[in-house]
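Chemist: This is the content of query13.cif (mmCIF, C-alpha atoms):
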data_entry
#
loop_
_atom_site.group_PDB
_atom_site.id
_atom_site.type_symbol
_atom_site.label_atom_id
_atom_site.label_comp_id
_atom_site.auth_asym_id
_atom_site.auth_seq_id
_atom_site.Cartn_x
_atom_site.Cartn_y
_atom_site.Cartn_z
ATOM 1 C CA MET A 236 20.664 11.177 -14.849
ATOM 2 C CA THR A 237 22.412 7.956 -13.933
ATOM 3 C CA GLU A 238 21.649 4.538 -15.349
ATOM 4 C CA GLY A 239 18.671 2.936 -13.648
ATOM 5 C CA GLU A 240 17.441 6.208 -12.143
ATOM 6 C CA ALA A 241 13.686 6.449 -12.428
ATOM 7 C CA ILE A 242 11.751 9.557 -13.305
ATOM 8 C CA MET A 243 8.251 10.000 -12.079
ATOM 9 C CA THR A 244 6.035 12.791 -13.322
ATOM 10 C CA THR A 245 4.032 14.486 -10.606
ATOM 11 C CA SER A 246 1.816 17.463 -11.355
ATOM 12 C CA GLY A 247 3.664 18.117 -14.591
ATOM 13 C CA ASN A 248 7.095 18.204 -12.943
ATOM 14 C CA ASP A 249 9.809 15.634 -13.528
ATOM 15 C CA VAL A 250 10.821 14.317 -10.116
ATOM 16 C CA THR A 251 13.315 11.541 -9.575
ATOM 17 C CA VAL A 252 12.777 8.865 -6.984
ATOM 18 C CA GLU A 253 16.187 9.783 -5.606
ATOM 19 C CA SER A 254 15.242 13.438 -5.107
ATOM 20 C CA VAL A 255 11.994 12.502 -3.343
ATOM 21 C CA VAL A 256 13.800 10.069 -1.044
ATOM 22 C CA ARG A 257 16.559 12.554 -0.191
ATOM 23 C CA ARG A 258 13.996 15.291 0.523
ATOM 24 C CA VAL A 259 11.943 12.992 2.755
ATOM 25 C CA VAL A 260 15.023 11.783 4.634
ATOM 26 C CA ALA A 261 16.118 15.405 5.178
ATOM 27 C CA ARG A 262 12.811 16.077 6.976
ATOM 28 C CA HIS A 263 13.517 13.162 9.336
ATOM 29 C CA ARG A 264 17.260 13.706 9.744
ATOM 30 C CA GLY A 265 18.370 13.124 13.311
ATOM 31 C CA GLU A 266 15.317 11.118 14.378
ATOM 32 C CA ARG A 267 15.991 7.784 16.014
ATOM 33 C CA GLY A 268 14.474 4.909 14.077
ATOM 34 C CA ALA A 269 13.622 7.116 11.118
ATOM 35 C CA LEU A 270 13.294 4.289 8.598
ATOM 36 C CA LEU A 271 9.586 3.544 9.159
ATOM 37 C CA PRO A 272 8.448 7.192 9.098
ATOM 38 C CA VAL A 273 10.611 7.778 6.022
ATOM 39 C CA LEU A 274 9.162 4.750 4.231
ATOM 40 C CA HIS A 275 5.610 5.889 5.013
ATOM 41 C CA ALA A 276 6.409 9.385 3.721
ATOM 42 C CA VAL A 277 8.022 8.042 0.535
ATOM 43 C CA GLN A 278 4.983 5.864 -0.101
ATOM 44 C CA ALA A 279 2.654 8.800 0.594
ATOM 45 C CA GLU A 280 4.470 10.866 -2.048
ATOM 46 C CA LEU A 281 5.101 8.203 -4.685
ATOM 47 C CA GLY A 282 2.246 5.795 -4.019
ATOM 48 C CA HIS A 283 4.709 2.963 -3.366
ATOM 49 C CA VAL A 284 8.315 2.342 -2.331
ATOM 50 C CA PRO A 285 10.080 1.621 -5.615
ATOM 51 C CA GLN A 286 13.078 -0.702 -5.690
ATOM 52 C CA GLU A 287 15.349 2.137 -6.787
ATOM 53 C CA ALA A 288 14.597 3.921 -3.481
ATOM 54 C CA VAL A 289 16.245 1.155 -1.430
ATOM 55 C CA PRO A 290 19.922 1.998 -2.137
ATOM 56 C CA VAL A 291 19.268 5.709 -1.629
ATOM 57 C CA LEU A 292 17.538 5.051 1.692
ATOM 58 C CA ALA A 293 20.362 2.755 2.767
ATOM 59 C CA GLU A 294 22.954 5.401 1.948
ATOM 60 C CA GLU A 295 21.037 8.267 3.548
ATOM 61 C CA LEU A 296 20.200 6.371 6.743
ATOM 62 C CA ASN A 297 23.532 4.537 7.015
ATOM 63 C CA LEU A 298 21.864 1.138 6.777
ATOM 64 C CA SER A 299 22.532 -1.838 4.568
ATOM 65 C CA ARG A 300 20.370 -2.369 1.498
ATOM 66 C CA ALA A 301 19.338 -5.689 3.036
ATOM 67 C CA ASP A 302 18.073 -3.901 6.165
ATOM 68 C CA VAL A 303 15.944 -1.505 4.123
ATOM 69 C CA HIS A 304 14.685 -4.247 1.798
ATOM 70 C CA GLY A 305 13.843 -6.405 4.814
ATOM 71 C CA VAL A 306 11.651 -3.723 6.355
ATOM 72 C CA VAL A 307 9.894 -2.907 3.074
ATOM 73 C CA THR A 308 9.092 -6.554 2.430
ATOM 74 C CA PHE A 309 8.210 -7.450 6.036
ATOM 75 C CA TYR A 310 5.482 -4.849 6.520
ATOM 76 C CA HIS A 311 2.487 -5.443 4.285
ATOM 77 C CA ASP A 312 1.526 -1.765 4.322
ATOM 78 C CA PHE A 313 4.440 -0.925 2.051
ATOM 79 C CA ARG A 314 3.817 -1.392 -1.646
ATOM 80 C CA ARG A 315 6.672 -2.179 -3.986
ATOM 81 C CA GLU A 316 4.528 -1.508 -7.040
ATOM 82 C CA PRO A 317 1.943 1.220 -7.594
ATOM 83 C CA ALA A 318 -1.549 0.328 -6.419
ATOM 84 C CA GLY A 319 -4.519 0.319 -8.735
ATOM 85 C CA ARG A 320 -6.752 3.342 -9.129
ATOM 86 C CA THR A 321 -9.069 1.662 -6.616
ATOM 87 C CA THR A 322 -7.617 -0.071 -3.570
ATOM 88 C CA VAL A 323 -9.923 -2.462 -1.734
ATOM 89 C CA ARG A 324 -8.847 -3.952 1.592
ATOM 90 C CA ILE A 325 -10.849 -6.874 2.987
ATOM 91 C CA CYS A 326 -10.608 -7.469 6.730
ATOM 92 C CA ARG A 327 -9.664 -11.059 7.606
ATOM 93 C CA ALA A 328 -9.431 -10.662 11.403
ATOM 94 C CA GLU A 329 -11.397 -12.979 13.687
ATOM 95 C CA ALA A 330 -14.544 -10.867 14.057
ATOM 96 C CA CYS A 331 -14.881 -10.312 10.318
ATOM 97 C CA GLN A 332 -14.019 -13.948 9.603
ATOM 98 C CA ALA A 333 -16.849 -15.026 11.921
ATOM 99 C CA LEU A 334 -19.236 -12.742 10.062
ATOM 100 C CA GLY A 335 -18.425 -13.826 6.510
ATOM 101 C CA ALA A 336 -15.113 -12.378 5.313
ATOM 102 C CA ASP A 337 -14.340 -15.690 3.573
ATOM 103 C CA GLN A 338 -17.347 -15.123 1.307
ATOM 104 C CA LEU A 339 -15.920 -11.729 0.339
ATOM 105 C CA VAL A 340 -12.539 -13.234 -0.480
ATOM 106 C CA GLY A 341 -14.282 -15.953 -2.492
ATOM 107 C CA TYR A 342 -16.289 -13.352 -4.393
ATOM 108 C CA ALA A 343 -13.135 -11.368 -5.170
ATOM 109 C CA ARG A 344 -11.391 -14.506 -6.455
ATOM 110 C CA GLU A 345 -14.427 -15.523 -8.542
ATOM 111 C CA SER A 346 -14.326 -12.018 -10.032
ATOM 112 C CA GLY A 347 -10.779 -12.689 -11.223
ATOM 113 C CA LEU A 348 -9.048 -10.684 -8.500
ATOM 114 C CA THR A 349 -6.058 -12.037 -6.618
ATOM 115 C CA LEU A 350 -5.377 -10.862 -3.083
ATOM 116 C CA GLY A 351 -2.269 -8.736 -2.935
ATOM 117 C CA GLU A 352 -2.196 -8.007 -6.642
ATOM 118 C CA THR A 353 -3.337 -5.316 -9.027
ATOM 119 C CA THR A 354 -5.364 -6.068 -12.132
ATOM 120 C CA ALA A 355 -3.442 -5.942 -15.409
ATOM 121 C CA ASP A 356 -5.233 -2.755 -16.439
ATOM 122 C CA GLY A 357 -4.250 -1.049 -13.162
ATOM 123 C CA SER A 358 -7.843 -0.461 -12.125
ATOM 124 C CA VAL A 359 -8.070 -2.411 -8.845
ATOM 125 C CA THR A 360 -5.765 -3.660 -6.115
ATOM 126 C CA VAL A 361 -7.330 -6.068 -3.601
ATOM 127 C CA GLU A 362 -5.560 -6.656 -0.313
ATOM 128 C CA GLN A 363 -6.305 -8.508 2.871
ATOM 129 C CA VAL A 364 -5.748 -6.831 6.226
ATOM 130 C CA PHE A 365 -6.073 -8.114 9.736
ATOM 131 C CA CYS A 366 -8.276 -5.502 11.381
ATOM 132 C CA LEU A 367 -9.826 -2.305 10.195
ATOM 133 C CA GLY A 368 -11.124 -1.462 13.678
ATOM 134 C CA ASN A 369 -14.743 -1.894 12.633
ATOM 135 C CA CYS A 370 -15.361 -5.245 14.334
ATOM 136 C CA ALA A 371 -18.938 -4.573 15.426
ATOM 137 C CA LEU A 372 -19.959 -3.987 11.814
ATOM 138 C CA GLY A 373 -18.103 -6.840 10.172
ATOM 139 C CA PRO A 374 -17.303 -8.040 7.725
ATOM 140 C CA SER A 375 -15.580 -4.784 6.879
ATOM 141 C CA VAL A 376 -13.979 -3.485 3.722
ATOM 142 C CA GLU A 377 -12.003 -0.337 3.054
ATOM 143 C CA ALA A 378 -12.061 1.122 -0.447
ATOM 144 C CA ASN A 379 -9.792 4.055 -1.261
ATOM 145 C CA GLY A 380 -9.623 4.933 2.424
ATOM 146 C CA ARG A 381 -13.374 4.768 3.013
ATOM 147 C CA LEU A 382 -14.637 2.192 5.499
ATOM 148 C CA TYR A 383 -17.698 0.019 4.832
ATOM 149 C CA GLY A 384 -19.361 -2.309 7.339
ATOM 150 C CA ARG A 385 -21.692 -5.282 7.016
ATOM 151 C CA VAL A 386 -20.409 -5.963 3.536
ATOM 152 C CA ASP A 387 -21.833 -8.956 1.711
ATOM 153 C CA PRO A 388 -20.681 -10.210 -1.702
ATOM 154 C CA ALA A 389 -23.264 -8.084 -3.569
ATOM 155 C CA ARG A 390 -22.137 -4.946 -1.772
ATOM 156 C CA LEU A 391 -18.480 -5.823 -2.401
ATOM 157 C CA GLY A 392 -19.369 -6.113 -6.089
ATOM 158 C CA ALA A 393 -20.903 -2.636 -5.963
ATOM 159 C CA ILE A 394 -17.798 -1.298 -4.179
ATOM 160 C CA LEU A 395 -15.560 -2.883 -6.801
ATOM 161 C CA ASP A 396 -17.719 -1.361 -9.523
ATOM 162 C CA GLY A 397 -17.569 2.006 -7.787
ATOM 163 C CA THR A 398 -21.326 2.220 -7.450
ATOM 164 C CA VAL A 399 -21.678 2.372 -3.668
ATOM 165 C CA SER A 400 -23.081 5.662 -2.437
ATOM 166 C CA SER A 401 -22.629 7.175 0.979
#
Would you write out, as structure tokens, the structure that this file holds?

Modeler:
Amino acid sequence: MTEGEAIMTTSGNDVTVESVVRRVVARHRGERGALLPVLHAVQAELGHVPQEAVPVLAEELNLSRADVHGVVTFYHDFRREPAGRTTVRICRAEACQALGADQLVGYARESGLTLGETTADGSVTVEQVFCLGNCALGPSVEANGRLYGRVDPARLGAILDGTVSS
């Protein structure tokens, strides 16, 4: 193992970031504009796009490190750090804003959560997005991939606490 190479343990197996990146790139070899699909696949496997993946991606895709870094940092869907065990995304698009999304953001902040960050204990990541496609039922929130409509601060609290039922 080289200096600075990260090891991630997945299902009991030691897997390096480099090996995951090279495997993902191999699946997309020859595609035009493969960087975005590769980044999505790396994030799907690792939960984020770690910094040590950037030089490997640059080498594999014949891009500069700056090009890869620029794409990772430009698109808000790519995480550079692992997300919390619970990921909550609050819609801030116009329809949800008109129906009270600001109250949800205020509630999250009053609860000690900062948009775009993960709590120190790794339990929750709160993000803002600009449309979840649930405009008629705004304000909308997505928690761990599950969409909720007509969310008020009390319901957001229940979602954050993990107590919302189907």

Chemist: Nearest residue to Val376 (chain A) out of A:Ala318, A:Val250, A:Leu391, A:Ala293, using all atoms listed in the file?

Modeler: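 Comparing A:Ala318, A:Val250, A:Leu391, A:Ala293 against Val376 (chain A), the winner is A:Leu391.
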
Chemist: Expand the PyMOL selection byres ((chain A and resi 334) around 9) into the explicit residue set it covers here, and present it as number ranges by chain.

Modeler: A: 329-333, 335-337, 372-374, 385

Chemist: Those residues with C-alpha atoms, as a short mmCIF file (atom, residue, chain, number, x, y, z; two decimals), in the frame of the given file please?

Modeler:
data_model
loop_
_atom_site.label_atom_id
_atom_site.label_comp_id
_atom_site.auth_asym_id
_atom_site.auth_seq_id
_atom_site.Cartn_x
_atom_site.Cartn_y
_atom_site.Cartn_z
CA GLU A 329 -11.40 -12.98 13.69
CA ALA A 330 -14.54 -10.87 14.06
CA CYS A 331 -14.88 -10.31 10.32
CA GLN A 332 -14.02 -13.95 9.60
CA ALA A 333 -16.85 -15.03 11.92
CA GLY A 335 -18.42 -13.83 6.51
CA ALA A 336 -15.11 -12.38 5.31
CA ASP A 337 -14.34 -15.69 3.57
CA LEU A 372 -19.96 -3.99 11.81
CA GLY A 373 -18.10 -6.84 10.17
CA PRO A 374 -17.30 -8.04 7.72
CA ARG A 385 -21.69 -5.28 7.02
#

Chemist: Can you list what the PyMOL selection byres ((chain A and resi 258) around 12) grabs from this structure, as a ChimeraX atom specification?

Modeler: /A:250-257,259-264,273,276-277,280,291-292,295

Chemist: For those residues, write C-alpha atoms to a file as a compact mmCIF listing (two decimals), in the frame of the given file.

Modeler:
# COMPACT_ATOMS: atom_id res chain seq x y z
CA VAL A 250 10.82 14.32 -10.12
CA THR A 251 13.32 11.54 -9.57
CA VAL A 252 12.78 8.86 -6.98
CA GLU A 253 16.19 9.78 -5.61
CA SER A 254 15.24 13.44 -5.11
CA VAL A 255 11.99 12.50 -3.34
CA VAL A 256 13.80 10.07 -1.04
CA ARG A 257 16.56 12.55 -0.19
CA VAL A 259 11.94 12.99 2.76
CA VAL A 260 15.02 11.78 4.63
CA ALA A 261 16.12 15.40 5.18
CA ARG A 262 12.81 16.08 6.98
CA HIS A 263 13.52 13.16 9.34
CA ARG A 264 17.26 13.71 9.74
CA VAL A 273 10.61 7.78 6.02
CA ALA A 276 6.41 9.38 3.72
CA VAL A 277 8.02 8.04 0.54
CA GLU A 280 4.47 10.87 -2.05
CA VAL A 291 19.27 5.71 -1.63
CA LEU A 292 17.54 5.05 1.69
CA GLU A 295 21.04 8.27 3.55

Chemist: Determine, counting all atoms listed in the file, which protein, DNA and RNA residues have an atom within 10 Å of an atom of Arg314 (chain A); residues of the same chain fewer than 6 positions away are not included. Present the result as a PyMOL selection string.

Modeler: chain A and resi 278+282-285+307-308+351

Chemist: Please indicate the distance in Å from CA of Gly397 (chain A) to CA of Asp312 (chain A), rounded to one decimal place.

Modeler: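 So the answer is 22.9 Å.
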
Chemist: Report, in Å to a single decimal, how far apart CA of Gly347 (chain A) and CA of Asn369 (chain A) are.

Modeler: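 The value is 26.5 Å.
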
Chemist: Go through A:Gly380, A:Ala288, A:Leu348, A:Leu296 and flag the residue nearest Glu266 (chain A), using all atoms listed in the file for the distances.

Modeler: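 Closest to Glu266 (chain A) of all the choices is A:Leu296.
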
Chemist: Can you pull out the residues contacting Ala378 (chain A)? Cut-off 7 Å, using only C-alpha atoms, and skip same-chain residues under 3 positions away; I want them as a PyMOL selection string.

Modeler: chain A and resi 321-324+381-382

Chemist: Using the chain letters and numbers from this file, what does the PyMOL selection byres ((chain A and resi 392) around 12) select? Give the answer as a list in words.

Modeler: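 Listing what the PyMOL selection byres ((chain A and resi 392) around 12) selects in the shown file: Val323, Gln338, Leu339, Val340, Gly341, Tyr342, Ala343, Arg344, Glu345, Ser346, Gly347, Leu348, Val376, Ala378, Val386, Asp387, Pro388, Ala389, Arg390, Leu391, Ala393, Ile394, Leu395, Asp396, Gly397, Thr398 and Val399 of chain A.
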
Chemist: Hey, which of A:Thr354, A:Ala328, A:Val306, A:Ala301 ends up closest to Cys366 (chain A)? Count only C-alpha atoms.

Modeler: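 That would be A:Ala328, the residue with the smallest distance to Cys366 (chain A).
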
Chemist: Nearest to Asp302 (chain A) among A:Ala371, A:Val359, A:Val289, A:Ile325, with distances taken over only C-alpha atoms: which residue is it?

Modeler: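 The closest residue to Asp302 (chain A) is A:Val289.
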
Chemist: Provide the CA of Gln363 (chain A) to CA of Glu287 (chain A) distance in Å, to one decimal place.

Modeler: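 Going from CA of Gln363 (chain A) over to CA of Glu287 (chain A) covers 26.0 Å.
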
Chemist: To test the calculation: enclose all listed atoms of region 251-263 of chain A in a box whose edges run along x, y and z, add 3 Å on each side, then state centre and edge lengths in Å to one decimal, as AutoDock Vina command-line options.

Modeler:
--center_x 14.3 --center_y 12.5 --center_z -0.1 --size_x 10.6 --size_y 13.2 --size_z 24.9
